[in-house]
$ cat run-v4.cif   # mmCIF, C-alpha atoms
data_my_file
loop_
_atom_site.group_PDB
_atom_site.id
_atom_site.type_symbol
_atom_site.label_atom_id
_atom_site.label_comp_id
_atom_site.auth_asym_id
_atom_site.auth_seq_id
_atom_site.Cartn_x
_atom_site.Cartn_y
_atom_site.Cartn_z
ATOM 1 C CA MET G 1 0.000 0.000 0.000
ATOM 2 C CA MET G 2 1.216 3.476 -0.893
ATOM 3 C CA HIS G 3 2.322 5.633 2.018
ATOM 4 C CA ALA G 4 0.640 8.995 2.521
ATOM 5 C CA ARG G 5 4.047 10.634 2.303
ATOM 6 C CA ASP G 6 4.496 9.257 -1.215
ATOM 7 C CA ILE G 7 1.258 10.700 -2.546
ATOM 8 C CA THR G 8 1.886 13.496 -5.004
ATOM 9 C CA TRP G 9 -0.188 16.646 -5.240
ATOM 10 C CA SER G 10 -0.626 18.434 -8.562
ATOM 11 C CA LYS G 11 -0.601 22.218 -8.664
ATOM 12 C CA THR G 12 -4.400 22.273 -9.034
ATOM 13 C CA GLU G 13 -4.799 19.853 -6.155
ATOM 14 C CA LYS G 14 -2.588 22.021 -3.968
ATOM 15 C CA SER G 15 -4.891 24.987 -4.612
ATOM 16 C CA VAL G 16 -7.994 22.937 -3.831
ATOM 17 C CA ALA G 17 -6.365 21.562 -0.691
ATOM 18 C CA ARG G 18 -5.385 25.019 0.531
ATOM 19 C CA VAL G 19 -8.883 26.390 0.039
ATOM 20 C CA ALA G 20 -10.486 23.399 1.800
ATOM 21 C CA PHE G 21 -7.998 23.566 4.648
ATOM 22 C CA ASP G 22 -8.619 27.287 5.215
ATOM 23 C CA LEU G 23 -12.366 26.780 4.950
ATOM 24 C CA ALA G 24 -12.333 24.126 7.682
ATOM 25 C CA TYR G 25 -10.134 26.304 9.874
ATOM 26 C CA ARG G 26 -12.489 29.247 9.436
ATOM 27 C CA ARG G 27 -15.536 27.121 10.203
ATOM 28 C CA GLU G 28 -14.008 25.697 13.333
ATOM 29 C CA CYS G 29 -12.882 29.128 14.536
ATOM 30 C CA GLU G 30 -16.371 30.472 13.921
ATOM 31 C CA ALA G 31 -17.777 27.664 16.051
ATOM 32 C CA ILE G 32 -15.286 28.535 18.813
ATOM 33 C CA SER G 33 -16.258 32.179 18.507
ATOM 34 C CA LYS G 34 -19.927 31.280 18.898
ATOM 35 C CA ARG G 35 -19.120 29.150 21.923
ATOM 36 C CA ILE G 36 -17.166 32.053 23.475
ATOM 37 C CA ASN G 37 -20.215 34.263 23.020
ATOM 38 C CA ASP G 38 -22.371 31.748 24.870
ATOM 39 C CA MET G 39 -19.827 31.459 27.676
ATOM 40 C CA ILE G 40 -19.542 35.245 27.954
ATOM 41 C CA ARG G 41 -23.297 35.599 28.242
ATOM 42 C CA ASP G 42 -23.236 33.233 31.221
ATOM 43 C CA ILE G 43 -20.351 34.857 33.096
ATOM 44 C CA ALA G 44 -21.632 35.417 36.612
ATOM 45 C CA ASN G 45 -18.508 35.108 38.730
ATOM 46 C CA PRO G 46 -14.721 35.269 38.322
ATOM 47 C CA GLY G 47 -14.448 31.492 38.051
ATOM 48 C CA ASP G 48 -16.354 31.650 34.772
ATOM 49 C CA ILE G 49 -13.603 33.849 33.283
ATOM 50 C CA TRP G 50 -10.984 31.232 34.075
ATOM 51 C CA ARG G 51 -13.227 28.491 32.705
ATOM 52 C CA LEU G 52 -13.321 30.482 29.451
ATOM 53 C CA HIS G 53 -9.537 30.713 29.577
ATOM 54 C CA ASP G 54 -9.238 26.947 30.116
ATOM 55 C CA PHE G 55 -11.572 26.353 27.179
ATOM 56 C CA LEU G 56 -9.487 28.594 24.903
ATOM 57 C CA SER G 57 -6.201 27.021 26.035
ATOM 58 C CA GLU G 58 -7.560 23.590 25.222
ATOM 59 C CA LYS G 59 -8.960 24.669 21.845
ATOM 60 C CA ARG G 60 -5.759 26.434 20.855
ATOM 61 C CA GLU G 61 -3.699 23.353 21.584
ATOM 62 C CA GLU G 62 -6.160 21.162 19.688
ATOM 63 C CA ILE G 63 -6.251 23.510 16.678
ATOM 64 C CA ASP G 64 -2.464 23.920 16.589
ATOM 65 C CA GLU G 65 -2.052 20.171 16.540
ATOM 66 C CA LYS G 66 -4.867 19.470 14.077
ATOM 67 C CA TYR G 67 -4.247 22.029 11.331
ATOM 68 C CA ASP G 68 -0.964 20.683 10.018
ATOM 69 C CA TYR G 69 -0.523 21.639 6.362
ATOM 70 C CA ARG G 70 2.198 19.249 5.309
ATOM 71 C CA TYR G 71 1.459 17.235 2.177
ATOM 72 C CA SER G 72 2.839 14.158 3.910
ATOM 73 C CA VAL G 73 -0.015 14.215 6.445
ATOM 74 C CA LEU G 74 -2.746 16.142 4.625
ATOM 75 C CA ILE G 75 -4.730 13.006 3.773
ATOM 76 C CA PHE G 76 -5.090 12.288 7.493
ATOM 77 C CA VAL G 77 -5.829 15.904 8.328
ATOM 78 C CA PHE G 78 -8.661 16.014 5.797
ATOM 79 C CA ALA G 79 -10.003 12.685 7.032
ATOM 80 C CA ARG G 80 -10.144 14.032 10.562
ATOM 81 C CA LEU G 81 -11.782 17.274 9.427
ATOM 82 C CA ILE G 82 -14.468 15.312 7.601
ATOM 83 C CA LYS G 83 -14.995 13.001 10.549
ATOM 84 C CA GLU G 84 -15.422 15.999 12.859
ATOM 85 C CA GLY G 85 -17.744 17.771 10.435
ATOM 86 C CA TRP G 86 -15.544 20.740 9.506
ATOM 87 C CA LEU G 87 -15.325 19.599 5.896
ATOM 88 C CA LYS G 88 -17.675 17.810 3.536
ATOM 89 C CA ALA G 89 -16.485 15.508 0.747
ATOM 90 C CA SER G 90 -17.863 18.081 -1.715
ATOM 91 C CA ASP G 91 -15.323 20.617 -0.396
ATOM 92 C CA LEU G 92 -12.621 18.388 -1.876
ATOM 93 C CA GLY G 93 -13.934 18.492 -5.444
ATOM 94 C CA GLY G 94 -10.895 18.934 -7.684
ATOM 95 C CA LEU G 95 -8.718 16.400 -5.882
ATOM 96 C CA HIS G 96 -7.981 13.153 -7.702
ATOM 97 C CA GLU G 97 -10.762 10.651 -7.008
ATOM 98 C CA ASP G 98 -8.304 8.184 -5.471
ATOM 99 C CA LYS G 99 -7.325 10.757 -2.857
ATOM 100 C CA VAL G 100 -10.929 11.583 -2.049
ATOM 101 C CA ALA G 101 -11.785 7.882 -1.744
ATOM 102 C CA ARG G 102 -8.853 7.366 0.569
ATOM 103 C CA ILE G 103 -9.739 10.391 2.703
ATOM 104 C CA ILE G 104 -13.323 9.204 3.037
ATOM 105 C CA ALA G 105 -12.220 5.672 3.880
ATOM 106 C CA LEU G 106 -9.977 7.060 6.620
ATOM 107 C CA ALA G 107 -12.777 9.321 7.887
ATOM 108 C CA ASN G 108 -15.075 6.321 8.216
ATOM 109 C CA MET G 109 -12.580 4.249 10.156
ATOM 110 C CA MET K 1 11.118 49.956 61.435
ATOM 111 C CA MET K 2 8.643 47.117 61.949
ATOM 112 C CA HIS K 3 8.618 44.441 59.279
ATOM 113 C CA ALA K 4 5.318 43.758 57.514
ATOM 114 C CA ARG K 5 5.592 40.141 58.622
ATOM 115 C CA ASP K 6 5.567 41.242 62.282
ATOM 116 C CA ILE K 7 2.351 43.234 61.954
ATOM 117 C CA THR K 8 -0.472 41.579 63.854
ATOM 118 C CA TRP K 9 -4.048 41.450 62.636
ATOM 119 C CA SER K 10 -6.931 41.392 65.117
ATOM 120 C CA LYS K 11 -9.945 39.199 64.457
ATOM 121 C CA THR K 12 -11.964 42.254 63.363
ATOM 122 C CA GLU K 13 -9.161 43.418 61.099
ATOM 123 C CA LYS K 14 -8.991 39.989 59.506
ATOM 124 C CA SER K 15 -12.693 40.236 58.632
ATOM 125 C CA VAL K 16 -12.271 43.728 57.185
ATOM 126 C CA ALA K 17 -9.230 42.626 55.221
ATOM 127 C CA ARG K 18 -11.006 39.618 53.771
ATOM 128 C CA VAL K 19 -13.982 41.702 52.647
ATOM 129 C CA ALA K 20 -11.729 44.366 51.069
ATOM 130 C CA PHE K 21 -9.584 41.727 49.366
ATOM 131 C CA ASP K 22 -12.609 39.957 47.877
ATOM 132 C CA LEU K 23 -14.121 43.279 46.814
ATOM 133 C CA ALA K 24 -10.992 44.268 44.885
ATOM 134 C CA TYR K 25 -10.816 40.835 43.288
ATOM 135 C CA ARG K 26 -14.455 41.069 42.210
ATOM 136 C CA ARG K 27 -13.966 44.581 40.815
ATOM 137 C CA GLU K 28 -10.920 43.588 38.829
ATOM 138 C CA CYS K 29 -12.610 40.469 37.453
ATOM 139 C CA GLU K 30 -15.621 42.547 36.444
ATOM 140 C CA ALA K 31 -13.286 44.889 34.553
ATOM 141 C CA ILE K 32 -11.723 41.875 32.800
ATOM 142 C CA SER K 33 -15.173 40.590 31.979
ATOM 143 C CA LYS K 34 -16.116 43.945 30.447
ATOM 144 C CA ARG K 35 -12.905 43.938 28.423
ATOM 145 C CA ILE K 36 -13.657 40.410 27.161
ATOM 146 C CA ASN K 37 -17.046 41.630 25.993
ATOM 147 C CA ASP K 38 -15.407 44.431 24.020
ATOM 148 C CA MET K 39 -12.902 42.017 22.483
ATOM 149 C CA ILE K 40 -15.650 39.543 21.571
ATOM 150 C CA ARG K 41 -17.646 42.224 19.848
ATOM 151 C CA ASP K 42 -14.630 42.958 17.648
ATOM 152 C CA ILE K 43 -13.820 39.357 16.714
ATOM 153 C CA ALA K 44 -13.563 39.348 12.929
ATOM 154 C CA ASN K 45 -11.027 36.636 12.221
ATOM 155 C CA PRO K 46 -9.475 33.625 13.978
ATOM 156 C CA GLY K 47 -6.459 35.671 15.086
ATOM 157 C CA ASP K 48 -8.734 37.724 17.309
ATOM 158 C CA ILE K 49 -9.676 34.579 19.245
ATOM 159 C CA TRP K 50 -6.039 33.870 20.027
ATOM 160 C CA ARG K 51 -5.479 37.500 20.988
ATOM 161 C CA LEU K 52 -8.315 37.070 23.496
ATOM 162 C CA HIS K 53 -6.605 33.922 24.747
ATOM 163 C CA ASP K 54 -3.275 35.769 25.119
ATOM 164 C CA PHE K 55 -5.049 38.540 27.037
ATOM 165 C CA LEU K 56 -6.660 36.049 29.422
ATOM 166 C CA SER K 57 -3.390 34.140 29.937
ATOM 167 C CA GLU K 58 -1.654 37.360 30.862
ATOM 168 C CA LYS K 59 -4.440 38.510 33.185
ATOM 169 C CA ARG K 60 -4.651 35.153 34.908
ATOM 170 C CA GLU K 61 -0.957 35.157 35.645
ATOM 171 C CA GLU K 62 -1.119 38.751 36.892
ATOM 172 C CA ILE K 63 -4.149 38.044 39.113
ATOM 173 C CA ASP K 64 -2.680 34.839 40.525
ATOM 174 C CA GLU K 65 0.465 36.686 41.479
ATOM 175 C CA LYS K 66 -1.277 39.794 42.820
ATOM 176 C CA TYR K 67 -4.029 38.346 45.011
ATOM 177 C CA ASP K 68 -1.874 36.800 47.706
ATOM 178 C CA TYR K 69 -3.787 36.609 50.969
ATOM 179 C CA ARG K 70 -0.978 36.033 53.422
ATOM 180 C CA TYR K 71 -0.934 38.384 56.403
ATOM 181 C CA SER K 72 2.820 38.748 55.972
ATOM 182 C CA VAL K 73 2.355 40.480 52.610
ATOM 183 C CA LEU K 74 -1.174 41.874 52.861
ATOM 184 C CA ILE K 75 0.008 45.438 53.524
ATOM 185 C CA PHE K 76 1.812 45.424 50.170
ATOM 186 C CA VAL K 77 -1.084 43.732 48.398
ATOM 187 C CA PHE K 78 -3.507 46.399 49.628
ATOM 188 C CA ALA K 79 -1.070 49.182 48.678
ATOM 189 C CA ARG K 80 -0.880 47.818 45.142
ATOM 190 C CA LEU K 81 -4.659 47.444 44.918
ATOM 191 C CA ILE K 82 -5.112 51.064 45.973
ATOM 192 C CA LYS K 83 -2.435 52.242 43.560
ATOM 193 C CA GLU K 84 -4.139 50.413 40.712
ATOM 194 C CA GLY K 85 -7.574 51.708 41.705
ATOM 195 C CA TRP K 86 -9.183 48.399 42.748
ATOM 196 C CA LEU K 87 -9.532 49.585 46.339
ATOM 197 C CA LYS K 88 -10.166 52.941 47.975
ATOM 198 C CA ALA K 89 -8.811 53.853 51.403
ATOM 199 C CA SER K 90 -12.426 53.926 52.598
ATOM 200 C CA ASP K 91 -12.711 50.204 51.836
ATOM 201 C CA LEU K 92 -10.191 49.641 54.631
ATOM 202 C CA GLY K 93 -12.261 51.318 57.360
ATOM 203 C CA GLY K 94 -11.982 49.077 60.413
ATOM 204 C CA LEU K 95 -8.243 48.477 60.108
ATOM 205 C CA HIS K 96 -5.993 50.116 62.707
ATOM 206 C CA GLU K 97 -5.121 53.638 61.560
ATOM 207 C CA ASP K 98 -1.395 52.820 61.583
ATOM 208 C CA LYS K 99 -1.969 50.059 59.055
ATOM 209 C CA VAL K 100 -4.076 52.283 56.805
ATOM 210 C CA ALA K 101 -1.437 55.041 56.963
ATOM 211 C CA ARG K 102 1.252 52.557 56.057
ATOM 212 C CA ILE K 103 -0.756 51.109 53.176
ATOM 213 C CA ILE K 104 -1.444 54.572 51.795
ATOM 214 C CA ALA K 105 2.206 55.591 52.151
ATOM 215 C CA LEU K 106 3.227 52.474 50.209
ATOM 216 C CA ALA K 107 0.561 53.134 47.576
ATOM 217 C CA ASN K 108 1.930 56.629 47.040
ATOM 218 C CA MET K 109 5.515 55.479 46.621
#
$ encode --input "run-v4.cif" --output "structure tokens"
Amino acid sequence: MMHARDITWSKTEKSVARVAFDLAYRRECEAISKRINDMIRDIANPGDIWRLHDFLSEKREEIDEKYDYRYSVLIFVFARLIKEGWLKASDLGGLHEDKVARIIALANM
Amino acid sequence: MMHARDITWSKTEKSVARVAFDLAYRRECEAISKRINDMIRDIANPGDIWRLHDFLSEKREEIDEKYDYRYSVLIFVFARLIKEGWLKASDLGGLHEDKVARIIALANM
């Protein structure tokens, strides 16, 4: 079986990948932003501020780890983003069908 | 000159100190909360979320360091809180006048 690091990305595919990657990032950050708004609305005591801080620390670490734009791991990144709902298969239109099939297979694991 | 660590606190003074300390803490956390609201309103892109996180990290560290309720350092803590505007001298009514004078002198340094 071919290793993810050996998969090649055409110039067109790189553009599609970049757009999809940024789209997922934006969607997830918008969801975090919405969640912050909810938490802010419920702030009643100082402890709630630090709970918001804990939430952001956790999210930042998760996002930093998840959004890794190296072609050697991008297949796995996209699979995770689909699994978590930040991307749909249709966002990957323009990638070679083998890549999309592989990403979806990984997402369904 | 008497060291701050040798200053004694009567039972009444301990109650006054606790109330003043908690009041300052609440005021400062309310100010942070207000600031968070302003920052949230201006969130336009993901970077703004991480700027909010940086702000909260910094404030948490500052607050953890500042609000030190040990009688050996309380004179200095109150002086700082007055200097920064989180306490007024009138919030310390009930402390021995020597203590208040000392706190105010330190705050004006």
$ atom_distance --input "run-v4.cif" --atom1 "atom CA of Asp38 of chain K" --atom2 "atom CA of Asn45 of chain G"
17.7 Å
$ residues_around --input "run-v4.cif" --residues "Arg51 of chain G" --least-positions-apart "3" --cutoff "12 Å" --atoms "only C-alpha atoms" --output "JSON, numbers by chain"
{"G": [36, 39, 40, 42, 43, 44, 45, 46, 47, 48, 54, 55, 56, 57, 58], "K": [53, 56, 57, 60]}
$ residues_around --input "run-v4.cif" --residues "Ile104 of chain G" --least-positions-apart "4" --cutoff "12 Å" --atoms "all atoms listed in the file" --output "list in words"
Ile75, Phe76, Val77, Phe78, Ala79, Arg80, Leu81, Ile82, Lys83, Leu87, Lys88, Ala89, Ser90, Leu92, Glu97, Asp98, Lys99, Val100, Asn108 and Met109 of chain G
$ write_last_selection --input "run-v4.cif" --atoms "C-alpha atoms" --output "short mmCIF file (atom, residue, chain, number, x, y, z; two decimals), keeping the file's coordinate frame"
data_model
loop_
_atom_site.label_atom_id
_atom_site.label_comp_id
_atom_site.auth_asym_id
_atom_site.auth_seq_id
_atom_site.Cartn_x
_atom_site.Cartn_y
_atom_site.Cartn_z
CA ILE G 75 -4.73 13.01 3.77
CA PHE G 76 -5.09 12.29 7.49
CA VAL G 77 -5.83 15.90 8.33
CA PHE G 78 -8.66 16.01 5.80
CA ALA G 79 -10.00 12.68 7.03
CA ARG G 80 -10.14 14.03 10.56
CA LEU G 81 -11.78 17.27 9.43
CA ILE G 82 -14.47 15.31 7.60
CA LYS G 83 -15.00 13.00 10.55
CA LEU G 87 -15.32 19.60 5.90
CA LYS G 88 -17.68 17.81 3.54
CA ALA G 89 -16.48 15.51 0.75
CA SER G 90 -17.86 18.08 -1.72
CA LEU G 92 -12.62 18.39 -1.88
CA GLU G 97 -10.76 10.65 -7.01
CA ASP G 98 -8.30 8.18 -5.47
CA LYS G 99 -7.32 10.76 -2.86
CA VAL G 100 -10.93 11.58 -2.05
CA ASN G 108 -15.08 6.32 8.22
CA MET G 109 -12.58 4.25 10.16
#
$ axis_aligned_box --input "run-v4.cif" --around "segment 70-86 of chain G" --padding-each-side "6 Å" --output "AutoDock Vina command-line options"
--center_x -7.5 --center_y 16.5 --center_z 7.5 --size_x 32.6 --size_y 20.5 --size_z 22.7
$ closest_residue --input "run-v4.cif" --among "K:Arg102, K:Lys34, K:Lys14, K:Arg70" --to "chain G" --atoms "all atoms listed in the file"
K:Lys34
$ atom_distance --input "run-v4.cif" --atom1 "atom CA of His3 of chain K" --atom2 "atom CA of His96 of chain K"
16.0 Å
$ atom_distance --input "run-v4.cif" --atom1 "atom CA of Thr12 of chain G" --atom2 "atom CA of Glu28 of chain G"
24.6 Å
$ residues_around --input "run-v4.cif" --residues "Phe21 of chain K" --least-positions-apart "3" --cutoff "10 Å" --atoms "only C-alpha atoms" --output "list of chain:residue names"
K:Ser15, K:Val16, K:Ala17, K:Arg18, K:Ala24, K:Tyr25, K:Arg26, K:Tyr67, K:Asp68, K:Tyr69, K:Leu74, K:Val77, K:Phe78, K:Leu81, K:Trp86, K:Leu87, K:Asp91, K:Leu92
$ closest_residue --input "run-v4.cif" --among "G:Glu13, G:Glu30, G:Glu84, G:Glu62" --to "chain K" --atoms "only C-alpha atoms"
G:Glu30
$ closest_residue --input "run-v4.cif" --among "G:Ile63, G:Trp50, G:Leu23, G:Arg35" --to "chain K" --atoms "only C-alpha atoms"
G:Trp50
$ closest_residue --input "run-v4.cif" --among "G:Gly94, G:Asp6, G:Arg41, G:Val73" --to "chain K" --atoms "only C-alpha atoms"
G:Arg41
$ closest_residue --input "run-v4.cif" --among "K:Ala31, K:Ala20, K:Ala107, K:Ile7" --to "chain G" --atoms "only C-alpha atoms"
K:Ala31
$ closest_residue --input "run-v4.cif" --among "K:Glu65, K:Arg27, K:Val19, K:Leu52" --to "Gly85 of chain K" --atoms "all atoms listed in the file"
K:Arg27
$ build_atoms --input "run-v4.cif" --residues "segment 3-22 of chain G" --atoms "N, CA, C and O atoms" --output "JSON list (two decimals), in the frame of the given file"
[["chain", "number", "residue", "atom", "x", "y", "z"],
["G", 3, "HIS", "N", 2.30, 4.82, 0.81],
["G", 3, "HIS", "CA", 2.32, 5.63, 2.02],
["G", 3, "HIS", "C", 1.82, 7.05, 1.72],
["G", 3, "HIS", "O", 2.06, 7.57, 0.62],
["G", 4, "ALA", "N", 1.18, 7.64, 2.70],
["G", 4, "ALA", "CA", 0.64, 8.99, 2.52],
["G", 4, "ALA", "C", 1.75, 9.96, 2.11],
["G", 4, "ALA", "O", 1.53, 10.88, 1.32],
["G", 5, "ARG", "N", 2.95, 9.71, 2.60],
["G", 5, "ARG", "CA", 4.05, 10.63, 2.30],
["G", 5, "ARG", "C", 4.51, 10.53, 0.85],
["G", 5, "ARG", "O", 5.19, 11.42, 0.35],
["G", 6, "ASP", "N", 4.10, 9.44, 0.19],
["G", 6, "ASP", "CA", 4.50, 9.26, -1.22],
["G", 6, "ASP", "C", 3.43, 9.76, -2.20],
["G", 6, "ASP", "O", 3.64, 9.72, -3.40],
["G", 7, "ILE", "N", 2.32, 10.19, -1.68],
["G", 7, "ILE", "CA", 1.26, 10.70, -2.55],
["G", 7, "ILE", "C", 1.71, 12.04, -3.12],
["G", 7, "ILE", "O", 2.21, 12.89, -2.40],
["G", 8, "THR", "N", 1.50, 12.21, -4.40],
["G", 8, "THR", "CA", 1.89, 13.50, -5.00],
["G", 8, "THR", "C", 0.65, 14.38, -5.16],
["G", 8, "THR", "O", -0.48, 13.89, -5.27],
["G", 9, "TRP", "N", 0.89, 15.66, -5.13],
["G", 9, "TRP", "CA", -0.19, 16.65, -5.24],
["G", 9, "TRP", "C", 0.12, 17.54, -6.44],
["G", 9, "TRP", "O", 1.15, 18.21, -6.47],
["G", 10, "SER", "N", -0.82, 17.56, -7.39],
["G", 10, "SER", "CA", -0.63, 18.43, -8.56],
["G", 10, "SER", "C", -0.82, 19.88, -8.11],
["G", 10, "SER", "O", -1.32, 20.14, -7.01],
["G", 11, "LYS", "N", -0.46, 20.81, -8.99],
["G", 11, "LYS", "CA", -0.60, 22.22, -8.66],
["G", 11, "LYS", "C", -2.08, 22.56, -8.37],
["G", 11, "LYS", "O", -2.39, 23.26, -7.42],
["G", 12, "THR", "N", -2.95, 22.03, -9.23],
["G", 12, "THR", "CA", -4.40, 22.27, -9.03],
["G", 12, "THR", "C", -4.86, 21.69, -7.69],
["G", 12, "THR", "O", -5.60, 22.33, -6.95],
["G", 13, "GLU", "N", -4.41, 20.49, -7.42],
["G", 13, "GLU", "CA", -4.80, 19.85, -6.16],
["G", 13, "GLU", "C", -4.29, 20.64, -4.94],
["G", 13, "GLU", "O", -4.97, 20.74, -3.93],
["G", 14, "LYS", "N", -3.12, 21.21, -5.07],
["G", 14, "LYS", "CA", -2.59, 22.02, -3.97],
["G", 14, "LYS", "C", -3.48, 23.23, -3.70],
["G", 14, "LYS", "O", -3.72, 23.60, -2.55],
["G", 15, "SER", "N", -3.99, 23.84, -4.79],
["G", 15, "SER", "CA", -4.89, 24.99, -4.61],
["G", 15, "SER", "C", -6.18, 24.56, -3.93],
["G", 15, "SER", "O", -6.65, 25.20, -2.98],
["G", 16, "VAL", "N", -6.75, 23.44, -4.41],
["G", 16, "VAL", "CA", -7.99, 22.94, -3.83],
["G", 16, "VAL", "C", -7.78, 22.61, -2.35],
["G", 16, "VAL", "O", -8.60, 22.97, -1.49],
["G", 17, "ALA", "N", -6.66, 21.97, -2.06],
["G", 17, "ALA", "CA", -6.36, 21.56, -0.69],
["G", 17, "ALA", "C", -6.25, 22.78, 0.23],
["G", 17, "ALA", "O", -6.79, 22.81, 1.33],
["G", 18, "ARG", "N", -5.57, 23.81, -0.28],
["G", 18, "ARG", "CA", -5.38, 25.02, 0.53],
["G", 18, "ARG", "C", -6.72, 25.68, 0.86],
["G", 18, "ARG", "O", -6.97, 26.09, 2.00],
["G", 19, "VAL", "N", -7.57, 25.76, -0.17],
["G", 19, "VAL", "CA", -8.88, 26.39, 0.04],
["G", 19, "VAL", "C", -9.71, 25.59, 1.05],
["G", 19, "VAL", "O", -10.32, 26.14, 1.97],
["G", 20, "ALA", "N", -9.70, 24.25, 0.90],
["G", 20, "ALA", "CA", -10.49, 23.40, 1.80],
["G", 20, "ALA", "C", -9.96, 23.49, 3.23],
["G", 20, "ALA", "O", -10.72, 23.59, 4.19],
["G", 21, "PHE", "N", -8.65, 23.48, 3.34],
["G", 21, "PHE", "CA", -8.00, 23.57, 4.65],
["G", 21, "PHE", "C", -8.39, 24.87, 5.36],
["G", 21, "PHE", "O", -8.82, 24.87, 6.52],
["G", 22, "ASP", "N", -8.29, 25.99, 4.63],
["G", 22, "ASP", "CA", -8.62, 27.29, 5.22],
["G", 22, "ASP", "C", -10.10, 27.38, 5.56],
["G", 22, "ASP", "O", -10.47, 28.00, 6.56]]
